[in-house]
Amino acid sequence: MKKIVIASGKGGTGKTTVAVNLAYYLSTHLRHRVRLLDCDVEVPNSNLFLRAGITRTIPVTVPRPVWEPARCNSSRNCVSVCNYNAIAKVKDRVLIFDDLCHSCGACVYFCPENALRPGKAGIGKIELAEDHIPFSFGQGVLNIGESLAPRVIRKLKEHMDDGGAINLLDAPPGTGCPVVKTMEGMDYCLLVTEPTPFGLNDLTLAAALAAKLGVPAGIVINRSHGRDRIIEDFGERHHIPIVGKIPFRKEYAESYSRGDILLEHHPELVDIFSGIHREMNQMPRLPAIEIKWEDDIGGDDVFEPPAEAKDIPQRPCREIAVISGKGGTGKTTITAALTFLMENKVLADSDVDASNLHLLCNPERFHARDFIGGQIFAIDQDACIACGECADQCRFGAISLTDRDGDIRVEIDELSCEGCGFCYYLCPNEAIFNKEAISGKWCLSRTGDSFLSVTSFEIRGTSPHDQAWVPDGAHGRS
């Protein structure tokens with residue numbers, strides 16, 4: 001077992017604490033060669049505990065199209081093939097919106113006059129401390145405002161130590177594309193949670209992702225207070241072992257707040273991490289975990305707001321966003337508390353990876369629908385001639401050629417596919433077809449004297465955007 005990912009659906013459960021201390025245990029007590037990679041590239045913070053000196057920095061760039069107006073004949077091919085609406089033709093100019101561009105390369109490839117050339121844009125960097133003692137360290141850092149976190153993670157994973165070391169990957173929170181990219185190809189997944197309804201809600205999502213990716217997993221209960229039945233029942237029901245429990249103690253929290261490695265100051269935890277390592281080697285394979293939704297509620301194409309919403313007096317609408325850079329800081333708690341100070345409010349839970357505002361609001365759901373965003377692509381094997389051109393051009397590594405007893409097949413991995421459509425436009429035999437991507441669910445609920453809108457991510461490779469309904473006259477939304 002050389003590649004272990006430490007994940008959690010919920011932020012703030014102690015994922016980084018477990019990753020750092022497991023790396024410390026394996027390297028100092030078992031004398032293994034260990035490399036810890038922080039894949040939470042939006043807000044990496046493992047190094048707050050390590051204070052490792054960065055010795056090598058590698059920029060991460062992606063190709064971005066650059067328009068050459070002198071060559072352009074206004075064919076509009078680039079606009080037609082861009083599934084992300086990142087290119088627009090306005091009068092005699094081609095406008096490229098970098099924030100929407102996924103760097104698929106379709107526009108450059110299909111321009112008949114080579115009026116779009118591939119440029120480069122920096123989206124982040126890889127920082128390495130390969131000589132750090134007692135274990136080597138690396139982290140990805142995504143530039144602020146960039147959205148292509150999986151590209152930085154993929155580059156960081158190229159720096160795993162394949163020479164016999166144990167690689168520990170500290171994953172981002174949630175279940176979206178960055179977590180998928182981190183978890184892909186791992187030997188084992190440690191799911192870190194806490195014995196609360198929030199912990200259970202998001203553990204369920206993270207476990208479902210591990211099961212879908214075929215990664216064996218075990219659960220670590222952090223901040224355990226001896227009343228962990230809520231998590232233990234889940235583990236028994238889905239045959240996921242509890243591999244360790246870290247007690248909820250004030251002195252551990254104080255050490256954490258100072259940025260200390262717990263095992264250096266609390267040697268009694270050594271036995272706990274020894275047990276985690278021992279139990280991991282059992283490597284159970286997860287059965288598929290079903291996430292149940294109340295699909296029988298609502299679903300009409302035309303949504304009619306509830307009668308009481310129509311009687312709300314007309315007032316200017318204000319929008320308040322509650323955000324935090326770090327998970328587990330209390331953002332959801334503050335949002336729920338604010339609702340008691342407002343009238344005529346609508347709540348929107350935009351944490352689509354692991355929405356849990358509903359756990360505090362006790363909502364009564366009255367409308368639920370699939371969220372359709374983007375497209376997914378598949379291959380008609382009868383029409384495919386297995387030329388491999390689509391696999392060669394796919395920049396996301398989503399298309400592969402497999403040999404099944406001499407039968408060469410081209411296959412698309414839905415979790416890796418970004419829905420760019422390059423393969424669809426490229427295929428000479430029209431063997432690739434597209435369909436709408438159901439990338440999640442959204443629902444509307446009553447909760448006391450307010451309404452709650454929730455968009456929730458489905459375990460797929462594409463993320464939905466938040467979609468909130470605001471009744472006429474509502475003047476507060478958070």
# chains A, B, ... in the order shown; residues from 1 in each chain; ligands from 1
$ select_by_dssp --residues "segment 21-124 of chain A" --states "alpha helix (DSSP H)" --output "CSV table (one decimal) with C-alpha atoms, in the first residue's frame"
chain,number,residue,atom,x,y,z
A,21,ASN,CA,0.4,12.9,12.1
A,22,LEU,CA,0.2,9.7,10.1
A,23,ALA,CA,3.1,10.8,8.0
A,24,TYR,CA,5.0,11.5,11.2
A,25,TYR,CA,4.2,8.1,12.7
A,26,LEU,CA,5.1,6.1,9.6
A,27,SER,CA,8.4,8.0,9.2
A,28,THR,CA,9.6,8.1,12.8
A,47,ASN,CA,2.9,23.2,6.0
A,48,LEU,CA,1.6,25.2,9.0
A,49,PHE,CA,2.4,22.2,11.0
A,50,LEU,CA,5.6,21.2,9.2
A,77,ASN,CA,-15.8,27.7,-35.9
A,78,CYS,CA,-14.3,28.6,-32.6
A,79,VAL,CA,-17.6,29.8,-31.2
A,80,SER,CA,-19.4,26.8,-32.5
A,81,VAL,CA,-17.1,24.2,-30.9
A,106,ALA,CA,-11.0,22.6,-29.7
A,107,CYS,CA,-11.0,26.2,-30.8
A,108,VAL,CA,-7.4,26.1,-31.9
A,109,TYR,CA,-7.7,22.7,-33.6
A,110,PHE,CA,-10.8,23.6,-35.7
$ residues_around --residues "Leu269 of chain A" --least-positions-apart "2" --cutoff "12 Å" --atoms "only C-alpha atoms" --output "VMD selection string"
chain A and resid 18 21 to 22 24 to 25 244 to 249 252 261 to 267 271 to 276
$ write_last_selection --atoms "C-alpha atoms" --output "PDB file, in the first residue's frame"
ATOM      1  CA  VAL A  18      -4.606  12.992  10.546  1.00  0.00           C
ATOM      2  CA  ASN A  21       0.442  12.862  12.139  1.00  0.00           C
ATOM      3  CA  LEU A  22       0.155   9.654  10.114  1.00  0.00           C
ATOM      4  CA  TYR A  24       5.025  11.516  11.217  1.00  0.00           C
ATOM      5  CA  TYR A  25       4.164   8.101  12.698  1.00  0.00           C
ATOM      6  CA  GLY A 244      -9.345   4.562  14.581  1.00  0.00           C
ATOM      7  CA  LYS A 245     -10.747   7.109  17.007  1.00  0.00           C
ATOM      8  CA  ILE A 246      -8.994  10.269  18.176  1.00  0.00           C
ATOM      9  CA  PRO A 247     -10.415  11.490  21.512  1.00  0.00           C
ATOM     10  CA  PHE A 248     -11.932  14.931  21.924  1.00  0.00           C
ATOM     11  CA  ARG A 249      -9.607  16.605  24.423  1.00  0.00           C
ATOM     12  CA  TYR A 252      -5.186  18.279  21.652  1.00  0.00           C
ATOM     13  CA  ILE A 261       2.337  17.832  15.504  1.00  0.00           C
ATOM     14  CA  LEU A 262       0.224  15.957  18.050  1.00  0.00           C
ATOM     15  CA  LEU A 263       2.448  12.878  18.288  1.00  0.00           C
ATOM     16  CA  GLU A 264       5.404  15.005  19.345  1.00  0.00           C
ATOM     17  CA  HIS A 265       3.537  16.332  22.379  1.00  0.00           C
ATOM     18  CA  HIS A 266       1.011  13.585  23.166  1.00  0.00           C
ATOM     19  CA  PRO A 267       2.764  10.183  22.951  1.00  0.00           C
ATOM     20  CA  ASP A 271      -1.022   3.577  19.804  1.00  0.00           C
ATOM     21  CA  ILE A 272      -4.010   5.106  18.012  1.00  0.00           C
ATOM     22  CA  PHE A 273      -2.043   5.801  14.832  1.00  0.00           C
ATOM     23  CA  SER A 274      -0.432   2.370  15.094  1.00  0.00           C
ATOM     24  CA  GLY A 275      -3.927   0.890  15.117  1.00  0.00           C
ATOM     25  CA  ILE A 276      -4.975   3.017  12.143  1.00  0.00           C
TER      26      ILE A 276
END
$ residues_around --residues "segment 123-127 of chain A" --least-positions-apart "3" --cutoff "8 Å" --atoms "only C-alpha atoms" --output "PyMOL selection string"
chain A and resi 54-62+138-143+146+148+152+155-156
$ closest_residue --among "A:Ala70, A:Cys82, A:Leu37, A:Ile133" --to "Gly421 of chain A" --atoms "only C-alpha atoms"
A:Cys82
$ closest_residue --among "A:Val346, A:Leu357, A:Leu213, A:Ile240" --to "Asp187 of chain A" --atoms "only C-alpha atoms"
A:Leu213
$ closest_residue --among "A:Gly440, A:Met342, A:Asp349, A:Asp99" --to "Phe371 of chain A" --atoms "only C-alpha atoms"
A:Gly440
$ select_by_dssp --residues "segment 139-280 of chain A" --states "strand (DSSP E)" --output "ChimeraX atom specification"
/A:139-142,166-170,188-193,217-224,242-247
$ write_last_selection --atoms "C-alpha atoms" --output "JSON list (two decimals), in the first residue's frame"
[["chain", "number", "residue", "atom", "x", "y", "z"],
["A", 139, "GLN", "CA", 1.93, 21.16, -2.01],
["A", 140, "GLY", "CA", -0.04, 22.65, -4.86],
["A", 141, "VAL", "CA", -1.06, 26.30, -4.77],
["A", 142, "LEU", "CA", -3.87, 27.49, -7.05],
["A", 166, "ILE", "CA", 4.51, 5.68, 1.10],
["A", 167, "ASN", "CA", 2.69, 8.62, -0.44],
["A", 168, "LEU", "CA", 0.05, 10.34, 1.68],
["A", 169, "LEU", "CA", -2.27, 12.75, -0.14],
["A", 170, "ASP", "CA", -4.20, 15.32, 1.90],
["A", 188, "TYR", "CA", -6.56, 3.26, 0.10],
["A", 189, "CYS", "CA", -8.73, 6.09, 1.41],
["A", 190, "LEU", "CA", -8.94, 7.25, 5.01],
["A", 191, "LEU", "CA", -12.27, 9.01, 5.57],
["A", 192, "VAL", "CA", -11.95, 11.45, 8.47],
["A", 193, "THR", "CA", -15.20, 12.45, 10.14],
["A", 217, "ALA", "CA", -11.64, 2.84, 2.64],
["A", 218, "GLY", "CA", -11.77, 3.05, 6.40],
["A", 219, "ILE", "CA", -13.16, 5.66, 8.78],
["A", 220, "VAL", "CA", -11.27, 7.69, 11.37],
["A", 221, "ILE", "CA", -13.52, 9.38, 13.94],
["A", 222, "ASN", "CA", -11.88, 12.59, 15.10],
["A", 223, "ARG", "CA", -13.03, 14.43, 18.23],
["A", 224, "SER", "CA", -14.52, 11.18, 19.50],
["A", 242, "ILE", "CA", -13.79, 2.20, 11.88],
["A", 243, "VAL", "CA", -9.99, 2.05, 11.81],
["A", 244, "GLY", "CA", -9.34, 4.56, 14.58],
["A", 245, "LYS", "CA", -10.75, 7.11, 17.01],
["A", 246, "ILE", "CA", -8.99, 10.27, 18.18],
["A", 247, "PRO", "CA", -10.41, 11.49, 21.51]]
$ residues_around --residues "segment 444-453 of chain A" --least-positions-apart "4" --cutoff "7 Å" --atoms "only C-alpha atoms" --output "ChimeraX atom specification"
/A:344-349,361-368,468-469
$ write_last_selection --atoms "C-alpha atoms" --output "PDB file, in the first residue's frame"
ATOM      1  CA  ASN A 344     -39.059  37.362   4.321  1.00  0.00           C
ATOM      2  CA  LYS A 345     -35.811  35.532   3.745  1.00  0.00           C
ATOM      3  CA  VAL A 346     -34.678  32.876   1.322  1.00  0.00           C
ATOM      4  CA  LEU A 347     -31.688  30.685   2.138  1.00  0.00           C
ATOM      5  CA  ALA A 348     -29.486  29.177  -0.567  1.00  0.00           C
ATOM      6  CA  ASP A 349     -26.946  26.515   0.366  1.00  0.00           C
ATOM      7  CA  CYS A 361     -33.215  24.245   9.396  1.00  0.00           C
ATOM      8  CA  ASN A 362     -35.412  21.125   9.562  1.00  0.00           C
ATOM      9  CA  PRO A 363     -36.940  21.887   6.157  1.00  0.00           C
ATOM     10  CA  GLU A 364     -40.101  20.530   4.576  1.00  0.00           C
ATOM     11  CA  ARG A 365     -39.189  19.828   0.975  1.00  0.00           C
ATOM     12  CA  PHE A 366     -41.892  20.618  -1.586  1.00  0.00           C
ATOM     13  CA  HIS A 367     -40.024  20.605  -4.909  1.00  0.00           C
ATOM     14  CA  ALA A 368     -37.024  18.629  -6.163  1.00  0.00           C
ATOM     15  CA  ALA A 468     -31.772  29.537  -6.215  1.00  0.00           C
ATOM     16  CA  TRP A 469     -35.399  30.603  -6.406  1.00  0.00           C
TER      17      TRP A 469
END
$ residues_around --residues "Lys89 of chain A" --least-positions-apart "2" --cutoff "12 Å" --atoms "only C-alpha atoms" --output "list in words"
Trp67, Pro69, Cys72, Asn73, Ser74, Ser75, Arg76, Asn77, Cys78, Val79, Ser80, Cys82, Asn85, Ala86, Ile87, Lys91, Asp92, Arg93, Val94, Leu95, Ile96 and Phe97 of chain A
$ write_last_selection --atoms "C-alpha atoms" --output "compact mmCIF listing (two decimals), in the first residue's frame"
# COMPACT_ATOMS: atom_id res chain seq x y z
CA TRP A 67 -6.48 35.41 -31.20
CA PRO A 69 -6.90 39.09 -35.93
CA CYS A 72 -9.21 35.54 -38.89
CA ASN A 73 -11.81 35.06 -41.64
CA SER A 74 -14.82 35.18 -39.26
CA SER A 75 -15.70 31.52 -39.77
CA ARG A 76 -17.08 31.33 -36.21
CA ASN A 77 -15.85 27.75 -35.93
CA CYS A 78 -14.25 28.60 -32.59
CA VAL A 79 -17.56 29.85 -31.21
CA SER A 80 -19.43 26.79 -32.46
CA CYS A 82 -16.68 25.88 -27.49
CA ASN A 85 -19.24 29.66 -24.02
CA ALA A 86 -15.73 30.99 -23.46
CA ILE A 87 -15.52 32.52 -26.97
CA LYS A 91 -18.65 42.41 -34.84
CA ASP A 92 -15.15 41.92 -36.22
CA ARG A 93 -13.56 40.79 -32.97
CA VAL A 94 -13.19 37.43 -31.23
CA LEU A 95 -13.47 37.72 -27.45
CA ILE A 96 -11.95 35.02 -25.23
CA PHE A 97 -13.13 34.76 -21.62
$ closest_atom_pairs --of "segment 158-241 of chain A" --to "segment 318-341 of chain A" --cutoff "10 Å" --atoms "only C-alpha atoms" --output "Markdown table"
| residue | atom | partner | partner_atom | distance |
| --- | --- | --- | --- | --- |
| A:Pro172 | CA | A:Gly327 | CA | 9.7 |
| A:Pro173 | CA | A:Gly327 | CA | 7.6 |
| A:Gly174 | CA | A:Gly327 | CA | 9.7 |
$ atom_distance --atom1 "atom CA of Ile379 of chain A" --atom2 "atom CA of Pro428 of chain A"
12.6 Å
$ atom_distance --atom1 "atom CA of Asp351 of chain A" --atom2 "atom CA of Ser439 of chain A"
14.2 Å
$ closest_residue --among "A:Asn83, A:Ala210, A:Pro118, A:Leu100" --to "Asn434 of chain A" --atoms "only C-alpha atoms"
A:Asn83
$ residues_around --residues "Ala386 of chain A" --least-positions-apart "5" --cutoff "9 Å" --atoms "only C-alpha atoms" --output "PDB file with C-alpha atoms, in the first residue's frame"
ATOM      1  CA  GLN A 381     -18.846   0.899 -30.206  1.00  0.00           C
ATOM      2  CA  LEU A 401      -7.878   2.507 -25.709  1.00  0.00           C
ATOM      3  CA  ILE A 408      -9.489  -2.734 -29.303  1.00  0.00           C
ATOM      4  CA  ARG A 409     -12.103  -0.495 -27.724  1.00  0.00           C
ATOM      5  CA  VAL A 410     -12.132   3.238 -27.119  1.00  0.00           C
TER       6      VAL A 410
END
$ atom_distance --atom1 "atom CA of Cys394 of chain A" --atom2 "atom CA of Tyr425 of chain A"
11.9 Å
$ residues_around --residues "Glu68 of chain A" --least-positions-apart "2" --cutoff "6 Å" --atoms "only C-alpha atoms" --output "JSON, numbers by chain"
{"A": [70, 71, 115, 116]}
$ write_last_selection --atoms "N, CA and C atoms" --output "compact mmCIF listing (two decimals), in the first residue's frame"
# COMPACT_ATOMS: atom_id res chain seq x y z
N ALA A 70 -5.25 39.24 -37.74
CA ALA A 70 -4.85 39.33 -39.14
C ALA A 70 -5.17 38.05 -39.91
N ARG A 71 -5.27 36.93 -39.22
CA ARG A 71 -5.53 35.65 -39.88
C ARG A 71 -7.02 35.30 -39.91
N ALA A 115 -6.07 31.15 -36.88
CA ALA A 115 -6.16 32.48 -36.28
C ALA A 115 -6.18 32.42 -34.76
N LEU A 116 -6.26 31.23 -34.21
CA LEU A 116 -6.11 31.04 -32.77
C LEU A 116 -4.87 30.18 -32.54
$ decode --residues "segment 13-25 of chain A" --atoms "N, CA and C atoms" --output "mmCIF file, in the first residue's frame"
data_model
loop_
_atom_site.group_PDB
_atom_site.id
_atom_site.type_symbol
_atom_site.label_atom_id
_atom_site.label_comp_id
_atom_site.auth_asym_id
_atom_site.auth_seq_id
_atom_site.Cartn_x
_atom_site.Cartn_y
_atom_site.Cartn_z
ATOM 1 N N THR A 13 -12.872 18.672 9.740
ATOM 2 C CA THR A 13 -13.019 17.457 10.547
ATOM 3 C C THR A 13 -11.696 16.972 11.122
ATOM 4 N N GLY A 14 -10.576 17.498 10.635
ATOM 5 C CA GLY A 14 -9.275 17.047 11.123
ATOM 6 C C GLY A 14 -8.504 16.239 10.108
ATOM 7 N N LYS A 15 -8.890 16.360 8.858
ATOM 8 C CA LYS A 15 -8.232 15.617 7.780
ATOM 9 C C LYS A 15 -6.731 15.905 7.718
ATOM 10 N N THR A 16 -6.367 17.185 7.737
ATOM 11 C CA THR A 16 -4.952 17.549 7.672
ATOM 12 C C THR A 16 -4.215 17.091 8.927
ATOM 13 N N THR A 17 -4.868 17.177 10.078
ATOM 14 C CA THR A 17 -4.258 16.696 11.323
ATOM 15 C C THR A 17 -3.920 15.221 11.220
ATOM 16 N N VAL A 18 -4.848 14.426 10.704
ATOM 17 C CA VAL A 18 -4.606 12.992 10.546
ATOM 18 C C VAL A 18 -3.497 12.748 9.532
ATOM 19 N N ALA A 19 -3.515 13.469 8.416
ATOM 20 C CA ALA A 19 -2.503 13.270 7.375
ATOM 21 C C ALA A 19 -1.104 13.561 7.901
ATOM 22 N N VAL A 20 -0.937 14.695 8.573
ATOM 23 C CA VAL A 20 0.383 15.091 9.074
ATOM 24 C C VAL A 20 0.878 14.116 10.136
ATOM 25 N N ASN A 21 0.009 13.744 11.056
ATOM 26 C CA ASN A 21 0.442 12.862 12.139
ATOM 27 C C ASN A 21 0.657 11.429 11.676
ATOM 28 N N LEU A 22 -0.100 10.979 10.674
ATOM 29 C CA LEU A 22 0.155 9.654 10.114
ATOM 30 C C LEU A 22 1.500 9.635 9.406
ATOM 31 N N ALA A 23 1.805 10.696 8.662
ATOM 32 C CA ALA A 23 3.115 10.789 8.014
ATOM 33 C C ALA A 23 4.226 10.767 9.053
ATOM 34 N N TYR A 24 4.025 11.478 10.147
ATOM 35 C CA TYR A 24 5.025 11.516 11.217
ATOM 36 C C TYR A 24 5.197 10.132 11.840
ATOM 37 N N TYR A 25 4.087 9.435 12.095
ATOM 38 C CA TYR A 25 4.164 8.101 12.698
ATOM 39 C C TYR A 25 4.895 7.120 11.786
#
